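Colleague: File follows, my_file-v6.pdb with PDB, C-alpha atoms, pLDDT in the B column:
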```pdb
ATOM      1  CA  THR A   1       0.000   0.000   0.000  1.00 66.00           C
ATOM      2  CA  ASP A   2       1.268   3.434  -0.951  1.00 84.00           C
ATOM      3  CA  LEU A   3       0.762   5.726   2.037  1.00 85.00           C
ATOM      4  CA  THR A   4       1.544   8.817  -0.045  1.00 83.00           C
ATOM      5  CA  SER A   5      -1.932   8.471  -1.536  1.00 83.00           C
ATOM      6  CA  ARG A   6      -3.569   8.598   1.912  1.00 88.00           C
ATOM      7  CA  PRO A   7      -4.409  12.224   2.856  1.00 92.00           C
ATOM      8  CA  SER A   8      -5.258  11.214   6.428  1.00 93.00           C
ATOM      9  CA  PHE A   9      -1.828   9.649   6.894  1.00 92.00           C
ATOM     10  CA  LEU A  10      -0.010  12.551   5.251  1.00 92.00           C
ATOM     11  CA  LEU A  11      -1.886  15.134   7.305  1.00 92.00           C
ATOM     12  CA  SER A  12      -1.177  13.239  10.526  1.00 93.00           C
ATOM     13  CA  GLN A  13       2.525  13.147   9.619  1.00 93.00           C
ATOM     14  CA  LEU A  14       2.457  16.851   8.817  1.00 91.00           C
ATOM     15  CA  GLY A  15       0.727  17.617  12.126  1.00 93.00           C
ATOM     16  CA  PHE A  16       3.301  15.600  14.040  1.00 94.00           C
ATOM     17  CA  HIS A  17       6.188  17.384  12.290  1.00 93.00           C
ATOM     18  CA  VAL A  18       4.706  20.864  12.798  1.00 93.00           C
ATOM     19  CA  ALA A  19       3.980  20.184  16.491  1.00 94.00           C
ATOM     20  CA  ALA A  20       7.463  18.802  17.118  1.00 96.00           C
ATOM     21  CA  GLU A  21       9.095  21.791  15.421  1.00 96.00           C
ATOM     22  CA  PHE A  22       6.948  24.249  17.389  1.00 96.00           C
ATOM     23  CA  ALA A  23       7.927  22.499  20.626  1.00 97.00           C
ATOM     24  CA  ARG A  24      11.597  22.686  19.613  1.00 97.00           C
ATOM     25  CA  ARG A  25      11.296  26.416  18.914  1.00 97.00           C
ATOM     26  CA  LEU A  26       9.591  27.112  22.263  1.00 97.00           C
ATOM     27  CA  GLU A  27      12.078  25.033  24.244  1.00 97.00           C
ATOM     28  CA  PRO A  28      14.544  27.912  24.887  1.00 96.00           C
ATOM     29  CA  LEU A  29      11.699  29.737  26.684  1.00 96.00           C
ATOM     30  CA  GLY A  30      11.033  26.702  28.863  1.00 94.00           C
ATOM     31  CA  ILE A  31       7.433  26.234  27.741  1.00 94.00           C
ATOM     32  CA  THR A  32       5.552  23.686  25.690  1.00 93.00           C
ATOM     33  CA  PRO A  33       2.932  24.277  22.996  1.00 94.00           C
ATOM     34  CA  ARG A  34       0.273  23.364  25.570  1.00 91.00           C
ATOM     35  CA  GLN A  35       1.582  26.027  27.964  1.00 93.00           C
ATOM     36  CA  PHE A  36       1.706  28.499  25.081  1.00 95.00           C
ATOM     37  CA  GLY A  37      -1.991  27.769  24.549  1.00 92.00           C
ATOM     38  CA  MET A  38      -2.743  28.315  28.227  1.00 91.00           C
ATOM     39  CA  LEU A  39      -0.889  31.631  28.318  1.00 94.00           C
ATOM     40  CA  THR A  40      -2.611  32.744  25.114  1.00 94.00           C
ATOM     41  CA  PHE A  41      -6.096  31.946  26.445  1.00 91.00           C
ATOM     42  CA  LEU A  42      -5.330  33.717  29.731  1.00 92.00           C
ATOM     43  CA  ALA A  43      -4.056  36.809  27.933  1.00 94.00           C
ATOM     44  CA  ALA A  44      -7.227  36.941  25.850  1.00 92.00           C
ATOM     45  CA  ASP A  45      -9.640  36.219  28.699  1.00 88.00           C
ATOM     46  CA  GLU A  46      -8.128  37.085  32.060  1.00 85.00           C
ATOM     47  CA  GLY A  47      -9.519  35.258  35.077  1.00 87.00           C
ATOM     48  CA  LEU A  48     -10.633  32.006  33.484  1.00 88.00           C
ATOM     49  CA  THR A  49     -11.149  29.189  35.945  1.00 88.00           C
ATOM     50  CA  GLN A  50      -8.978  26.102  35.760  1.00 87.00           C
ATOM     51  CA  GLN A  51     -12.052  24.224  34.532  1.00 88.00           C
ATOM     52  CA  GLN A  52     -12.689  26.728  31.732  1.00 88.00           C
ATOM     53  CA  LEU A  53      -9.043  26.555  30.674  1.00 90.00           C
ATOM     54  CA  GLY A  54      -9.191  22.770  30.618  1.00 89.00           C
ATOM     55  CA  GLN A  55     -12.353  22.780  28.522  1.00 91.00           C
ATOM     56  CA  ARG A  56     -10.886  25.200  25.978  1.00 90.00           C
ATOM     57  CA  LEU A  57      -7.668  23.212  25.666  1.00 89.00           C
ATOM     58  CA  HIS A  58      -9.376  19.794  25.942  1.00 91.00           C
ATOM     59  CA  ILE A  59      -7.282  18.890  28.978  1.00 90.00           C
ATOM     60  CA  HIS A  60      -8.623  16.782  31.863  1.00 90.00           C
ATOM     61  CA  ARG A  61      -9.079  18.761  35.082  1.00 85.00           C
ATOM     62  CA  ASN A  62      -6.555  16.637  36.982  1.00 88.00           C
ATOM     63  CA  VAL A  63      -3.880  17.383  34.394  1.00 90.00           C
ATOM     64  CA  MET A  64      -4.893  21.057  34.342  1.00 88.00           C
ATOM     65  CA  VAL A  65      -4.172  21.428  38.068  1.00 89.00           C
ATOM     66  CA  GLY A  66      -0.580  20.312  37.514  1.00 91.00           C
ATOM     67  CA  LEU A  67      -0.132  22.601  34.529  1.00 91.00           C
ATOM     68  CA  VAL A  68      -1.427  25.621  36.451  1.00 92.00           C
ATOM     69  CA  ASP A  69       0.732  24.616  39.442  1.00 93.00           C
ATOM     70  CA  ASP A  70       3.771  24.693  37.165  1.00 94.00           C
ATOM     71  CA  LEU A  71       2.923  28.107  35.708  1.00 94.00           C
ATOM     72  CA  GLU A  72       2.297  29.459  39.209  1.00 95.00           C
ATOM     73  CA  GLN A  73       5.559  28.051  40.615  1.00 96.00           C
ATOM     74  CA  ARG A  74       7.450  29.677  37.751  1.00 95.00           C
ATOM     75  CA  GLY A  75       5.779  33.035  38.405  1.00 96.00           C
ATOM     76  CA  LEU A  76       3.965  33.074  35.052  1.00 96.00           C
ATOM     77  CA  ALA A  77       0.436  32.895  36.442  1.00 95.00           C
ATOM     78  CA  ARG A  78      -1.347  33.245  39.762  1.00 95.00           C
ATOM     79  CA  ARG A  79      -4.532  31.807  41.207  1.00 92.00           C
ATOM     80  CA  GLU A  80      -7.085  33.915  42.997  1.00 90.00           C
ATOM     81  CA  ARG A  81     -10.444  32.974  44.436  1.00 88.00           C
ATOM     82  CA  HIS A  82     -13.055  33.358  41.724  1.00 84.00           C
ATOM     83  CA  PRO A  83     -15.225  36.401  42.516  1.00 82.00           C
ATOM     84  CA  GLU A  84     -18.482  34.578  41.700  1.00 82.00           C
ATOM     85  CA  ASP A  85     -17.694  31.025  42.821  1.00 81.00           C
ATOM     86  CA  ARG A  86     -15.772  30.630  46.064  1.00 81.00           C
ATOM     87  CA  ARG A  87     -15.053  26.979  45.242  1.00 84.00           C
ATOM     88  CA  ALA A  88     -13.194  27.885  42.043  1.00 84.00           C
ATOM     89  CA  TYR A  89      -9.941  29.654  41.316  1.00 87.00           C
ATOM     90  CA  ALA A  90      -9.524  32.284  38.637  1.00 91.00           C
ATOM     91  CA  VAL A  91      -6.166  32.117  36.865  1.00 93.00           C
ATOM     92  CA  HIS A  92      -4.403  35.348  35.913  1.00 94.00           C
ATOM     93  CA  LEU A  93      -1.212  36.045  34.010  1.00 95.00           C
ATOM     94  CA  THR A  94       1.578  37.802  35.839  1.00 96.00           C
ATOM     95  CA  ASP A  95       3.735  40.471  34.223  1.00 96.00           C
ATOM     96  CA  LYS A  96       6.430  37.809  33.834  1.00 97.00           C
ATOM     97  CA  GLY A  97       3.875  35.585  32.070  1.00 97.00           C
ATOM     98  CA  ARG A  98       2.895  38.404  29.703  1.00 97.00           C
ATOM     99  CA  ASP A  99       6.541  39.097  28.870  1.00 97.00           C
ATOM    100  CA  LEU A 100       7.203  35.426  28.181  1.00 97.00           C
ATOM    101  CA  LEU A 101       4.077  35.195  26.023  1.00 97.00           C
ATOM    102  CA  GLU A 102       5.258  38.164  23.965  1.00 97.00           C
ATOM    103  CA  HIS A 103       8.487  36.307  23.156  1.00 97.00           C
ATOM    104  CA  ALA A 104       6.568  33.073  22.505  1.00 97.00           C
ATOM    105  CA  GLU A 105       4.205  34.851  20.105  1.00 97.00           C
ATOM    106  CA  LYS A 106       7.206  36.037  18.076  1.00 97.00           C
ATOM    107  CA  ILE A 107       8.432  32.446  17.912  1.00 97.00           C
ATOM    108  CA  ALA A 108       4.938  31.301  16.880  1.00 97.00           C
ATOM    109  CA  ASP A 109       4.810  34.011  14.178  1.00 97.00           C
ATOM    110  CA  ASP A 110       8.195  32.913  12.813  1.00 96.00           C
ATOM    111  CA  HIS A 111       7.115  29.270  12.914  1.00 96.00           C
ATOM    112  CA  ASP A 112       3.863  30.066  11.107  1.00 94.00           C
ATOM    113  CA  ALA A 113       5.741  32.000   8.422  1.00 94.00           C
ATOM    114  CA  ALA A 114       8.265  29.185   7.912  1.00 92.00           C
ATOM    115  CA  MET A 115       5.492  26.614   7.741  1.00 88.00           C
ATOM    116  CA  LEU A 116       3.541  28.560   5.119  1.00 89.00           C
ATOM    117  CA  GLU A 117       6.367  29.780   2.900  1.00 88.00           C
ATOM    118  CA  GLY A 118       6.605  28.309  -0.596  1.00 71.00           C
TER     119      GLY A 118
END
```
Can the structure from this file be put into structure tokens for me?

Modeller:
Amino acid sequence: TDLTSRPSFLLSQLGFHVAAEFARRLEPLGITPRQFGMLTFLAADEGLTQQQLGQRLHIHRNVMVGLVDDLEQRGLARRERHPEDRRAYAVHLTDKGRDLLEHAEKIADDHDAAMLEG
């Protein structure tokens, strides 16, 4: 069987390659593509709960807790009690998180351009 005639296989290979390259490019900043997504969502919609972040990124809540813990320990995000639900935490970017995201967005822009060039 010739896999080069299978669009589903080719697209999955392309997706794997693009994701691996994006991860490699973000590595000097010490973040993963998943963390880039978290920082991006938080920058766009400050104060999301951990549950809302998990839903948007399709990440199980147990995994989300660890990811937010990591961002918080690194000073990139902080948790605060949610103003409308005392059982939930709202997650906010710190200034350090915003600065890191700015650098990561430049890397993402460069990666996008390289991926789409002729």

Colleague: Translate the PyMOL selection byres ((chain A and resi 69-85) around 10) into a concrete residue list for this structure, as a PDB file with C-alpha atoms, in the frame of the given file.

Modeller:
```pdb
ATOM      1  CA  ILE A  31       7.433  26.234  27.741  1.00 94.00           C
ATOM      2  CA  GLN A  35       1.582  26.027  27.964  1.00 93.00           C
ATOM      3  CA  MET A  38      -2.743  28.315  28.227  1.00 91.00           C
ATOM      4  CA  LEU A  39      -0.889  31.631  28.318  1.00 94.00           C
ATOM      5  CA  LEU A  42      -5.330  33.717  29.731  1.00 92.00           C
ATOM      6  CA  GLY A  47      -9.519  35.258  35.077  1.00 87.00           C
ATOM      7  CA  LEU A  48     -10.633  32.006  33.484  1.00 88.00           C
ATOM      8  CA  THR A  49     -11.149  29.189  35.945  1.00 88.00           C
ATOM      9  CA  GLN A  50      -8.978  26.102  35.760  1.00 87.00           C
ATOM     10  CA  VAL A  63      -3.880  17.383  34.394  1.00 90.00           C
ATOM     11  CA  MET A  64      -4.893  21.057  34.342  1.00 88.00           C
ATOM     12  CA  VAL A  65      -4.172  21.428  38.068  1.00 89.00           C
ATOM     13  CA  GLY A  66      -0.580  20.312  37.514  1.00 91.00           C
ATOM     14  CA  LEU A  67      -0.132  22.601  34.529  1.00 91.00           C
ATOM     15  CA  VAL A  68      -1.427  25.621  36.451  1.00 92.00           C
ATOM     16  CA  ARG A  86     -15.772  30.630  46.064  1.00 81.00           C
ATOM     17  CA  ARG A  87     -15.053  26.979  45.242  1.00 84.00           C
ATOM     18  CA  ALA A  88     -13.194  27.885  42.043  1.00 84.00           C
ATOM     19  CA  TYR A  89      -9.941  29.654  41.316  1.00 87.00           C
ATOM     20  CA  ALA A  90      -9.524  32.284  38.637  1.00 91.00           C
ATOM     21  CA  VAL A  91      -6.166  32.117  36.865  1.00 93.00           C
ATOM     22  CA  HIS A  92      -4.403  35.348  35.913  1.00 94.00           C
ATOM     23  CA  LEU A  93      -1.212  36.045  34.010  1.00 95.00           C
ATOM     24  CA  THR A  94       1.578  37.802  35.839  1.00 96.00           C
ATOM     25  CA  ASP A  95       3.735  40.471  34.223  1.00 96.00           C
ATOM     26  CA  LYS A  96       6.430  37.809  33.834  1.00 97.00           C
ATOM     27  CA  GLY A  97       3.875  35.585  32.070  1.00 97.00           C
ATOM     28  CA  ARG A  98       2.895  38.404  29.703  1.00 97.00           C
ATOM     29  CA  ASP A  99       6.541  39.097  28.870  1.00 97.00           C
ATOM     30  CA  LEU A 100       7.203  35.426  28.181  1.00 97.00           C
ATOM     31  CA  LEU A 101       4.077  35.195  26.023  1.00 97.00           C
TER      32      LEU A 101
END
```

Colleague: Do you have the atom CA of Asp2 of chain A-atom CA of Val18 of chain A distance handy?

Modeller: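 Computing the Euclidean distance for atom CA of Asp2 of chain A and atom CA of Val18 of chain A yields 22.5 Å.
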
Colleague: Enumerate, as JSON, numbers by chain, the residues matched when the PyMOL selection byres ((chain A and resi 57) around 10) is run on the file above.

Modeller: {"A": [34, 35, 37, 38, 41, 51, 52, 53, 54, 55, 56, 58, 59, 60, 64]}

Colleague: Could you jot down the atom CA of His103 of chain A to atom CA of Ser12 of chain A separation for me, Å, one decimal place?

Modeller: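 Separation between atom CA of His103 of chain A and atom CA of Ser12 of chain A: 28.0 Å.
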
Colleague: State, in Å with one decimal place, the distance from atom CA of Ile107 of chain A to atom CA of Ala43 of chain A.

Modeller: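 Calculated distance between atom CA of Ile107 of chain A and atom CA of Ala43 of chain A is 16.6 Å.
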
Colleague: What residues come out when you apply the PyMOL selection byres ((chain A and resi 115) around 12) to this file, written as a list of chain:residue names?

Modeller: A:Leu14, A:Gly15, A:His17, A:Val18, A:Ala19, A:Glu21, A:Phe22, A:Ala108, A:Asp109, A:Asp110, A:His111, A:Asp112, A:Ala113, A:Ala114, A:Leu116, A:Glu117, A:Gly118

Colleague: Once 5 Å is added on each side, what are the centre and the three edge lengths, in Å to one decimal, of the axis-aligned box enclosing the listed atoms of segment 49-59 of chain A? Present them as lines of an AutoDock Vina configuration file.

Modeller:
```
center_x = -10.0
center_y = 24.0
center_z = 30.8
size_x = 15.4
size_y = 20.3
size_z = 20.3
```

Colleague: Could you rebuild segment 61-72 of chain A with all heavy atoms and give it back as a short mmCIF file (atom, residue, chain, number, x, y, z; two decimals), in the coordinates of the input?

Modeller:
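Output file result_24.cif follows:
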```cif
data_model
loop_
_atom_site.label_atom_id
_atom_site.label_comp_id
_atom_site.auth_asym_id
_atom_site.auth_seq_id
_atom_site.Cartn_x
_atom_site.Cartn_y
_atom_site.Cartn_z
N ARG A 61 -9.26 17.85 33.94
CA ARG A 61 -9.08 18.76 35.08
C ARG A 61 -7.92 18.36 35.98
O ARG A 61 -7.24 19.22 36.54
CB ARG A 61 -10.37 18.91 35.87
CG ARG A 61 -10.82 17.67 36.59
CD ARG A 61 -12.12 17.91 37.36
NE ARG A 61 -12.57 16.70 37.99
CZ ARG A 61 -13.41 15.83 37.42
NH1 ARG A 61 -13.88 16.06 36.22
NH2 ARG A 61 -13.76 14.74 38.06
N ASN A 62 -7.67 17.06 36.14
CA ASN A 62 -6.56 16.64 36.98
C ASN A 62 -5.21 17.04 36.38
O ASN A 62 -4.29 17.41 37.11
CB ASN A 62 -6.59 15.13 37.20
CG ASN A 62 -7.79 14.69 38.01
OD1 ASN A 62 -8.44 15.49 38.67
ND2 ASN A 62 -8.10 13.41 37.96
N VAL A 63 -5.10 16.96 35.08
CA VAL A 63 -3.88 17.38 34.39
C VAL A 63 -3.75 18.90 34.46
O VAL A 63 -2.66 19.44 34.66
CB VAL A 63 -3.88 16.89 32.93
CG1 VAL A 63 -2.69 17.42 32.17
CG2 VAL A 63 -3.92 15.36 32.89
N MET A 64 -4.89 19.59 34.32
CA MET A 64 -4.89 21.06 34.34
C MET A 64 -4.33 21.60 35.65
O MET A 64 -3.58 22.57 35.66
CB MET A 64 -6.31 21.58 34.10
CG MET A 64 -6.43 23.08 34.10
SD MET A 64 -5.33 23.93 32.94
CE MET A 64 -5.85 23.24 31.40
N VAL A 65 -4.67 20.97 36.76
CA VAL A 65 -4.17 21.43 38.07
C VAL A 65 -2.64 21.44 38.06
O VAL A 65 -2.02 22.41 38.48
CB VAL A 65 -4.73 20.55 39.22
CG1 VAL A 65 -4.02 20.86 40.53
CG2 VAL A 65 -6.22 20.75 39.36
N GLY A 66 -2.04 20.38 37.56
CA GLY A 66 -0.58 20.31 37.51
C GLY A 66 0.02 21.35 36.59
O GLY A 66 1.06 21.95 36.90
N LEU A 67 -0.64 21.60 35.47
CA LEU A 67 -0.13 22.60 34.53
C LEU A 67 -0.20 24.00 35.13
O LEU A 67 0.73 24.80 35.00
CB LEU A 67 -0.92 22.55 33.22
CG LEU A 67 -0.72 21.28 32.38
CD1 LEU A 67 -1.73 21.23 31.24
CD2 LEU A 67 0.70 21.22 31.83
N VAL A 68 -1.30 24.31 35.80
CA VAL A 68 -1.43 25.62 36.45
C VAL A 68 -0.44 25.72 37.62
O VAL A 68 0.17 26.77 37.82
CB VAL A 68 -2.88 25.90 36.89
CG1 VAL A 68 -2.97 27.19 37.68
CG2 VAL A 68 -3.81 25.97 35.68
N ASP A 69 -0.26 24.63 38.37
CA ASP A 69 0.73 24.62 39.44
C ASP A 69 2.10 25.00 38.90
O ASP A 69 2.81 25.82 39.49
CB ASP A 69 0.85 23.23 40.09
CG ASP A 69 -0.28 22.89 41.04
OD1 ASP A 69 -1.06 23.80 41.41
OD2 ASP A 69 -0.40 21.70 41.40
N ASP A 70 2.47 24.42 37.77
CA ASP A 70 3.77 24.69 37.16
C ASP A 70 3.89 26.16 36.77
O ASP A 70 4.90 26.81 37.07
CB ASP A 70 4.00 23.79 35.95
CG ASP A 70 5.35 24.04 35.31
OD1 ASP A 70 6.39 23.88 36.00
OD2 ASP A 70 5.38 24.41 34.11
N LEU A 71 2.88 26.69 36.10
CA LEU A 71 2.92 28.11 35.71
C LEU A 71 3.02 29.02 36.93
O LEU A 71 3.75 30.01 36.93
CB LEU A 71 1.69 28.48 34.88
CG LEU A 71 1.58 27.88 33.49
CD1 LEU A 71 0.29 28.33 32.82
CD2 LEU A 71 2.78 28.24 32.63
N GLU A 72 2.29 28.65 37.99
CA GLU A 72 2.30 29.46 39.21
C GLU A 72 3.67 29.39 39.90
O GLU A 72 4.22 30.42 40.31
CB GLU A 72 1.20 28.98 40.15
CG GLU A 72 0.93 29.92 41.29
CD GLU A 72 -0.30 29.54 42.08
OE1 GLU A 72 -0.52 28.33 42.33
OE2 GLU A 72 -1.04 30.46 42.46
#
```
